[in-house]
$ cat protein_18.cif   # mmCIF, C-alpha atoms and all ligand atoms
data_run
loop_
_atom_site.group_PDB
_atom_site.id
_atom_site.type_symbol
_atom_site.label_atom_id
_atom_site.label_comp_id
_atom_site.auth_asym_id
_atom_site.auth_seq_id
_atom_site.Cartn_x
_atom_site.Cartn_y
_atom_site.Cartn_z
ATOM 1 C CA MET O 1 -69.538 -29.516 -48.368
ATOM 2 C CA SER O 2 -71.337 -27.127 -46.001
ATOM 3 C CA TYR O 3 -74.699 -25.428 -46.164
ATOM 4 C CA CYS O 4 -75.511 -21.776 -45.382
ATOM 5 C CA VAL O 5 -79.012 -21.516 -43.923
ATOM 6 C CA LYS O 6 -79.107 -17.765 -44.383
ATOM 7 C CA HIS O 7 -78.392 -17.875 -48.098
ATOM 8 C CA ALA O 8 -79.726 -21.347 -48.750
ATOM 9 C CA THR O 9 -76.582 -22.322 -50.556
ATOM 10 C CA THR O 10 -73.859 -24.889 -50.324
ATOM 11 C CA PHE O 11 -70.180 -24.039 -50.228
ATOM 12 C CA HIS O 12 -66.858 -25.842 -50.224
ATOM 13 C CA THR O 13 -64.698 -23.116 -48.697
ATOM 14 C CA GLN O 14 -64.553 -22.154 -45.008
ATOM 15 C CA THR O 15 -67.422 -19.656 -45.265
ATOM 16 C CA CYS O 16 -70.350 -19.129 -47.604
ATOM 17 C CA GLU O 17 -69.188 -16.733 -50.313
ATOM 18 C CA ARG O 18 -72.121 -14.354 -49.782
ATOM 19 C CA CYS O 19 -71.627 -14.354 -46.000
ATOM 20 C CA SER O 20 -67.982 -13.584 -46.618
ATOM 21 C CA ASP O 21 -68.917 -10.709 -48.978
ATOM 22 C CA GLU O 22 -71.392 -9.287 -46.444
ATOM 23 C CA SER O 23 -68.750 -9.431 -43.763
ATOM 24 C CA THR O 24 -66.259 -7.616 -45.993
ATOM 25 C CA ILE O 25 -68.826 -4.940 -46.903
ATOM 26 C CA ALA O 26 -69.700 -4.403 -43.224
ATOM 27 C CA ARG O 27 -66.035 -4.103 -42.297
ATOM 28 C CA LEU O 28 -65.296 -1.658 -45.137
ATOM 29 C CA THR O 29 -68.413 0.393 -44.395
ATOM 30 C CA ALA O 30 -67.401 0.719 -40.736
ATOM 31 C CA GLU O 31 -63.884 1.718 -41.776
ATOM 32 C CA ALA O 32 -65.236 4.304 -44.236
ATOM 33 C CA GLU O 33 -67.428 5.797 -41.499
ATOM 34 C CA ARG O 34 -64.501 5.911 -39.088
ATOM 35 C CA LEU O 35 -62.273 7.625 -41.658
ATOM 36 C CA SER O 36 -65.026 10.055 -42.626
ATOM 37 C CA ALA O 37 -65.496 11.118 -38.988
ATOM 38 C CA ARG O 38 -61.724 11.454 -38.618
ATOM 39 C CA CYS O 39 -61.622 13.606 -41.741
ATOM 40 C CA VAL O 40 -64.276 15.970 -40.355
ATOM 41 C CA THR O 41 -62.318 16.267 -37.093
ATOM 42 C CA LEU O 42 -59.075 17.071 -38.907
ATOM 43 C CA GLU O 43 -60.790 19.495 -41.293
ATOM 44 C CA THR O 44 -62.348 21.357 -38.354
ATOM 45 C CA ALA O 45 -58.951 21.523 -36.625
ATOM 46 C CA ALA O 46 -57.256 22.770 -39.816
ATOM 47 C CA LEU O 47 -59.827 25.551 -40.231
ATOM 48 C CA LYS O 48 -59.328 26.595 -36.596
ATOM 49 C CA VAL O 49 -55.543 26.705 -36.997
ATOM 50 C CA ILE O 50 -55.916 28.854 -40.119
ATOM 51 C CA GLU O 51 -58.251 31.163 -38.211
ATOM 52 C CA PHE O 52 -55.793 31.419 -35.282
ATOM 53 C CA ASN O 53 -53.054 32.401 -37.716
ATOM 54 C CA LEU O 54 -55.215 35.027 -39.424
ATOM 55 C CA ARG O 55 -55.938 36.524 -35.994
ATOM 56 C CA GLU O 56 -52.256 36.403 -35.085
ATOM 57 C CA ALA O 57 -51.336 38.238 -38.292
ATOM 58 C CA ASN O 58 -54.016 40.788 -37.601
ATOM 59 C CA ASP O 59 -52.815 41.301 -34.014
ATOM 60 C CA ARG O 60 -49.186 41.569 -35.061
ATOM 61 C CA TYR O 61 -49.433 43.561 -38.278
ATOM 62 C CA ARG O 62 -53.040 44.770 -38.426
ATOM 63 C CA ASP O 63 -53.218 42.736 -41.615
ATOM 64 C CA ALA O 64 -54.765 39.272 -41.503
ATOM 65 C CA ASN O 65 -53.747 38.648 -45.136
ATOM 66 C CA ARG O 66 -50.117 38.339 -44.093
ATOM 67 C CA ALA O 67 -50.947 34.895 -42.724
ATOM 68 C CA ASN O 68 -51.742 33.751 -46.271
ATOM 69 C CA ASP O 69 -47.990 33.544 -46.915
ATOM 70 C CA TRP O 70 -47.191 31.560 -43.779
ATOM 71 C CA ALA O 71 -46.179 27.969 -44.436
ATOM 72 C CA CYS O 72 -48.596 26.461 -41.915
ATOM 73 C CA VAL O 73 -51.560 28.244 -43.538
ATOM 74 C CA ARG O 74 -50.439 27.314 -47.064
ATOM 75 C CA VAL O 75 -49.956 23.647 -46.133
ATOM 76 C CA LEU O 76 -53.333 23.400 -44.415
ATOM 77 C CA ARG O 77 -55.140 25.128 -47.280
ATOM 78 C CA ALA O 78 -53.489 22.808 -49.809
ATOM 79 C CA ALA O 79 -54.650 19.821 -47.745
ATOM 80 C CA LEU O 80 -58.187 21.227 -47.456
ATOM 81 C CA HIS O 81 -58.328 21.686 -51.215
ATOM 82 C CA ASN O 82 -57.604 17.977 -51.695
ATOM 83 C CA ASP O 83 -54.108 18.520 -52.938
ATOM 84 C CA LEU O 84 -53.035 15.081 -51.806
ATOM 85 C CA ALA O 85 -49.391 15.434 -52.729
ATOM 86 C CA PRO O 86 -47.284 15.537 -49.591
ATOM 87 C CA PRO O 87 -46.276 19.087 -48.701
ATOM 88 C CA ALA O 88 -42.986 20.181 -50.199
ATOM 89 C CA LYS O 89 -40.099 20.686 -47.845
ATOM 90 C CA GLU O 90 -40.668 24.104 -46.330
ATOM 91 C CA ASP O 91 -38.049 26.503 -45.130
ATOM 92 C CA SER O 92 -38.431 26.946 -41.408
ATOM 93 C CA ASP O 93 -39.863 30.425 -41.837
ATOM 94 C CA GLY O 94 -43.343 29.865 -40.666
HETATM 95 ZN ZN ZN B 1 -74.247 -17.301 -46.332
#
$ encode --input "protein_18.cif" --output "C-alpha cells"
Amino acid sequence: MSYCVKHATTFHTQTCERCSDESTIARLTAEAERLSARCVTLETAALKVIEFNLREANDRYRDANRANDWACVRVLRAALHNDLAPPAKEDSDG
C-alpha cells in the first residue's frame, strides 16, 4: 500500500486515483486547447478560401454569387456550418 501526500490518501494501484484523474484532466484540457486553436486556424483559412473564390467569380463573371455553386465553396461552407458528414463525392467541376 502506498500513500499520496498531496491527497492524504492511501492507494493500492500504481498511482493515487485522484492524482491519476488530475493527470487525465490536464492532458485532456491541453488536447482540447490544442484542437480549439487548430479549429480557429482552419476556420480562418476556410473563410479566406471562400473569399478568394468570391473575388475570382467577380473578376471572371462580374458576379461573385457564381462562386456559391462551386464545389470548393460548398464543401467549405458545409464544414463551417458544422455539417460533420464527410463531403459527398464531387464531380471534378470546381
Ligand atoms: Zn494523489
$ atom_distance --input "protein_18.cif" --atom1 "atom CA of Val49 of chain O" --atom2 "atom CA of Asp69 of chain O"
14.2 Å
$ resolve_selection --input "protein_18.cif" --expression "the PyMOL selection byres (((not hetatm)) within 6 of (chain B and resi 1))" --output "count of residues only"
6
$ residues_around --input "protein_18.cif" --residues "Tyr3 of chain O" --least-positions-apart "6" --cutoff "9 Å" --atoms "only C-alpha atoms" --output "number ranges by chain"
O: 9-12, 16
$ closest_residue --input "protein_18.cif" --among "O:Asn82, O:Asn58, O:Asn68, O:Ser2" --to "Glu43 of chain O" --atoms "all atoms listed in the file"
O:Asn82
$ closest_residue --input "protein_18.cif" --among "O:Tyr61, O:Ile25, O:Gln14, O:Leu54" --to "Val73 of chain O" --atoms "only C-alpha atoms"
O:Leu54
$ atom_distance --input "protein_18.cif" --atom1 "atom CA of Asn53 of chain O" --atom2 "atom CA of Asn65 of chain O"
9.7 Å
$ atom_distance --input "protein_18.cif" --atom1 "atom CA of Ala46 of chain O" --atom2 "atom CA of Arg77 of chain O"
8.1 Å
